[in-house]
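Structure file final11.txt (compact mmCIF, C-alpha atoms) is printed below.
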```txt
# COMPACT_ATOMS: atom_id res chain seq x y z
CA MET A 1 22.35 33.90 6.80
CA LEU A 2 23.54 34.88 10.26
CA ILE A 3 26.93 33.23 10.70
CA ASN A 4 30.31 34.13 12.22
CA SER A 5 30.95 36.11 15.40
CA PHE A 6 31.86 39.73 16.07
CA GLU A 7 33.14 41.62 19.08
CA HIS A 8 31.75 45.09 19.74
CA THR A 9 31.57 47.56 22.59
CA VAL A 10 28.27 48.66 24.09
CA ASP A 11 28.33 52.44 24.45
CA ALA A 12 27.32 54.39 27.56
CA LYS A 13 23.71 54.63 26.31
CA GLY A 14 23.41 50.85 25.81
CA ARG A 15 23.73 50.87 22.02
CA LEU A 16 25.32 47.93 20.23
CA PHE A 17 26.57 47.89 16.65
CA ILE A 18 25.04 45.24 14.37
CA PRO A 19 27.44 44.09 11.63
CA ALA A 20 26.51 45.36 8.17
CA LYS A 21 26.49 41.85 6.70
CA TRP A 22 23.71 40.86 9.15
CA ARG A 23 21.45 43.87 8.72
CA GLU A 24 19.70 42.62 5.60
CA ASP A 25 18.73 39.35 7.31
CA LEU A 26 17.69 41.05 10.54
CA GLY A 27 15.88 43.99 8.97
CA ASN A 28 15.37 47.43 10.50
CA THR A 29 13.82 46.02 13.67
CA VAL A 30 15.58 43.39 15.76
CA ILE A 31 13.59 41.61 18.45
CA VAL A 32 15.85 41.06 21.45
CA THR A 33 14.91 38.88 24.40
CA ARG A 34 16.46 36.70 27.05
CA GLY A 35 18.25 33.63 25.82
CA MET A 36 17.00 30.40 27.29
CA LEU A 37 20.30 28.53 27.51
CA GLY A 38 20.50 27.86 31.20
CA LYS A 39 21.53 29.64 34.35
CA ASP A 40 24.54 31.85 35.04
CA GLU A 41 27.01 30.43 32.50
CA GLY A 42 24.43 30.35 29.71
CA ARG A 43 23.03 33.85 30.10
CA CYS A 44 22.93 35.62 26.79
CA LEU A 45 20.40 37.46 24.68
CA PHE A 46 18.68 36.28 21.52
CA GLY A 47 18.17 38.66 18.63
CA MET A 48 16.04 37.92 15.57
CA SER A 49 14.18 39.47 12.68
CA LEU A 50 10.46 40.19 12.85
CA ASP A 51 9.84 37.27 10.46
CA VAL A 52 11.62 34.79 12.75
CA TRP A 53 9.85 36.27 15.81
CA ASN A 54 6.46 35.97 14.12
CA GLY A 55 7.22 32.35 13.22
CA LEU A 56 7.94 31.67 16.89
CA LEU A 57 4.72 33.43 17.88
CA GLU A 58 2.73 31.07 15.68
CA ARG A 59 4.30 28.08 17.41
CA TYR A 60 3.92 29.60 20.90
CA ASN A 61 0.23 30.35 20.30
CA LYS A 62 -0.40 26.61 19.90
CA ILE A 63 0.75 25.88 23.45
CA ALA A 64 -2.08 25.21 25.88
CA MET A 65 -2.60 27.91 28.50
CA THR A 66 -2.81 25.12 31.07
CA ASP A 67 0.76 23.96 30.31
CA VAL A 68 2.33 25.69 33.32
CA LYS A 69 5.97 24.89 32.47
CA ALA A 70 5.63 26.18 28.92
CA GLN A 71 3.73 29.29 30.04
CA ASN A 72 6.46 30.09 32.59
CA ALA A 73 9.11 29.84 29.86
CA LEU A 74 7.04 32.00 27.50
CA ARG A 75 6.50 34.56 30.24
CA MET A 76 10.28 34.96 30.56
CA ILE A 77 10.65 35.38 26.80
CA PHE A 78 7.77 37.83 26.26
CA ALA A 79 8.11 39.92 29.41
CA ASN A 80 11.70 40.72 28.52
CA ALA A 81 11.40 41.08 24.75
CA CYS A 82 11.86 44.43 23.06
CA ASP A 83 11.82 45.62 19.49
CA CYS A 84 15.05 47.44 18.78
CA GLU A 85 15.16 49.77 15.79
CA LEU A 86 18.45 50.11 13.93
CA ASP A 87 19.70 53.69 13.96
CA LYS A 88 21.54 55.35 11.07
CA GLN A 89 24.87 54.00 12.35
CA GLY A 90 23.56 50.42 12.44
CA ARG A 91 23.17 50.22 16.22
CA ILE A 92 20.36 48.94 18.40
CA LEU A 93 19.53 50.16 21.88
CA ILE A 94 19.40 47.27 24.35
CA GLY A 95 17.57 48.07 27.56
CA ASN A 96 19.29 47.96 30.92
CA THR A 97 17.24 44.99 32.17
CA LEU A 98 18.36 42.79 29.29
CA ARG A 99 21.99 43.94 29.51
CA LYS A 100 21.99 43.26 33.25
CA TYR A 101 20.50 39.78 32.74
CA ALA A 102 23.27 38.85 30.28
CA GLY A 103 26.01 40.60 32.27
CA ILE A 104 26.83 42.91 29.37
CA ASP A 105 28.52 46.02 30.72
CA LYS A 106 30.85 47.07 27.95
CA ASP A 107 32.27 44.33 25.72
CA ALA A 108 29.89 42.06 23.84
CA VAL A 109 30.20 39.21 21.38
CA LEU A 110 27.56 38.67 18.72
CA VAL A 111 27.28 35.08 17.49
CA GLY A 112 25.41 34.15 14.33
CA MET A 113 23.17 31.11 14.76
CA GLY A 114 21.65 30.80 11.28
CA ASN A 115 18.30 32.55 11.73
CA ARG A 116 19.04 34.38 14.99
CA ILE A 117 21.94 35.89 16.86
CA GLU A 118 23.16 35.43 20.40
CA ILE A 119 24.55 38.42 22.27
CA TRP A 120 27.00 37.49 25.03
CA SER A 121 29.13 39.43 27.44
CA GLN A 122 32.78 38.98 26.41
CA GLU A 123 33.56 37.19 29.67
CA ALA A 124 30.59 34.81 29.47
CA TRP A 125 31.42 33.97 25.84
CA GLU A 126 35.04 33.17 26.69
CA ASN A 127 33.85 30.97 29.57
CA LYS A 128 31.38 29.21 27.25
CA LEU A 129 34.10 28.51 24.68
CA GLU A 130 36.39 27.13 27.39
CA GLN A 131 33.59 24.98 28.79
CA ASN A 132 32.78 23.63 25.33
CA GLU A 133 36.42 22.74 24.69
CA THR A 134 36.73 20.78 27.93
CA GLU A 135 33.27 19.17 28.01
CA THR A 136 32.32 18.59 24.39
CA ASP A 137 33.43 15.55 22.44
CA GLU A 138 33.04 16.51 18.78
CA SER A 139 32.13 13.00 17.65
CA GLU A 140 29.44 12.76 20.34
CA ALA A 141 28.10 16.18 19.33
CA LEU A 142 27.93 15.14 15.67
CA SER A 143 26.25 11.86 16.63
CA TYR A 144 23.72 13.80 18.67
CA LEU A 145 22.94 16.06 15.69
CA ALA A 146 22.63 12.99 13.46
CA GLY A 147 20.13 11.57 15.96
CA LEU A 148 18.08 14.74 15.53
CA GLY A 149 18.09 14.19 11.78
CA ILE A 150 20.53 17.00 11.07
```

What would you get if you wrote out this structure as structure tokens?
Amino acid sequence: MLINSFEHTVDAKGRLFIPAKWREDLGNTVIVTRGMLGKDEGRCLFGMSLDVWNGLLERYNKIAMTDVKAQNALRMIFANACDCELDKQGRILIGNTLRKYAGIDKDAVLVGMGNRIEIWSQEAWENKLEQNETETDESEALSYLAGLGI
């Protein structure tokens, strides 16, 4: 299970350390793509195992090609996705385009989200936490989840 959060530095070559406790769930290949959490303040990357990615592919393949909104969203996800192999030190190489999208220059925060991870720039993550503290009412959030059947 991918839970907790970790802070790591991206090296000069764009490599990011994946915590040892997550490697079994993620496997030797991590699919990394753009997160779809909104504009500037929500820009992060999603990372997932091949199994989770393939499950998403099955769902995406059911979307009609004539559904323009859905196809535009899928285009963003697929055009920017890459398969990142873990090296012997437990790092993945994240391409410049993805790092630039998420604003990750040096310091990154990896956030476990159950079956996937989010990769944030340190600054964007701190802003997101601050935003959540000021804008989120915990009882409303729990009620919302209850409404979803969770």

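The space between CA of Pro19 in chain A and CA of Glu130 in chain A spans 24.8 Å.
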
**Report entry** Top pick for closest residue to Val109 in chain A, considering A:Leu16, A:Leu26, A:Val52, A:Met76 and counting all atoms listed in the file
**Finding:** A:Leu16

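Distance-wise, CA of Asp137 in chain A and CA of Ile150 in chain A end up 17.3 Å apart.
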
Requested in this report: Please determine the residues with any atom at most 12 Å from (27.4, 53.2, 5.2) (coordinates as given in the file, with only C-alpha atoms counting) and report them as a VMD selection string.
Outcome: chain A and resid 19 to 21 23 87 to 90

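Taking CA of Asp11 in chain A and CA of Gln122 in chain A as endpoints, the distance between them is 14.3 Å.
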
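Every protein, DNA or RNA residue with an atom at most 9 Å from Arg99 in chain A, where only C-alpha atoms count and chain neighbours fewer than 5 positions away do not, is listed here: Gly14, Cys44, Leu45, Ile94, Ile104, Asp105 and Ser121 of chain A.
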
Just want the 10 Å neighbourhood of Asp51 in chain A, counted on all atoms listed in the file, with same-chain residues fewer than 3 positions away dropped. Output as a PDB file with C-alpha atoms, keeping the file's coordinate frame.
```
ATOM      1  CA  ASP A  25      18.730  39.350   7.310  1.00  0.00           C
ATOM      2  CA  LEU A  26      17.690  41.050  10.540  1.00  0.00           C
ATOM      3  CA  GLY A  27      15.880  43.990   8.970  1.00  0.00           C
ATOM      4  CA  VAL A  30      15.580  43.390  15.760  1.00  0.00           C
ATOM      5  CA  ILE A  31      13.590  41.610  18.450  1.00  0.00           C
ATOM      6  CA  MET A  48      16.040  37.920  15.570  1.00  0.00           C
ATOM      7  CA  ASN A  54       6.460  35.970  14.120  1.00  0.00           C
ATOM      8  CA  GLY A  55       7.220  32.350  13.220  1.00  0.00           C
ATOM      9  CA  LEU A  56       7.940  31.670  16.890  1.00  0.00           C
ATOM     10  CA  LEU A  57       4.720  33.430  17.880  1.00  0.00           C
ATOM     11  CA  ASN A 115      18.300  32.550  11.730  1.00  0.00           C
TER      12      ASN A 115
END
```

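Ranking A:Ala102, A:Ala64, A:Val32, A:Ala12 by their shortest atom-to-atom distance to Ile117 in chain A, with only C-alpha atoms included, puts A:Val32 first.
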
Query raised in the report: Which polymer residues have any atom within 9 Å of an atom of Ile3 in chain A, counting only C-alpha atoms, with same-chain residues fewer than 4 positions away left out, as a ChimeraX atom specification?
Result: /A:22,111-115,117

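The nearest approach to Trp120 in chain A among the residues A:Gly47, A:Phe78, A:Asn96, A:Leu2, with all atoms listed in the file taken into account, belongs to A:Gly47.
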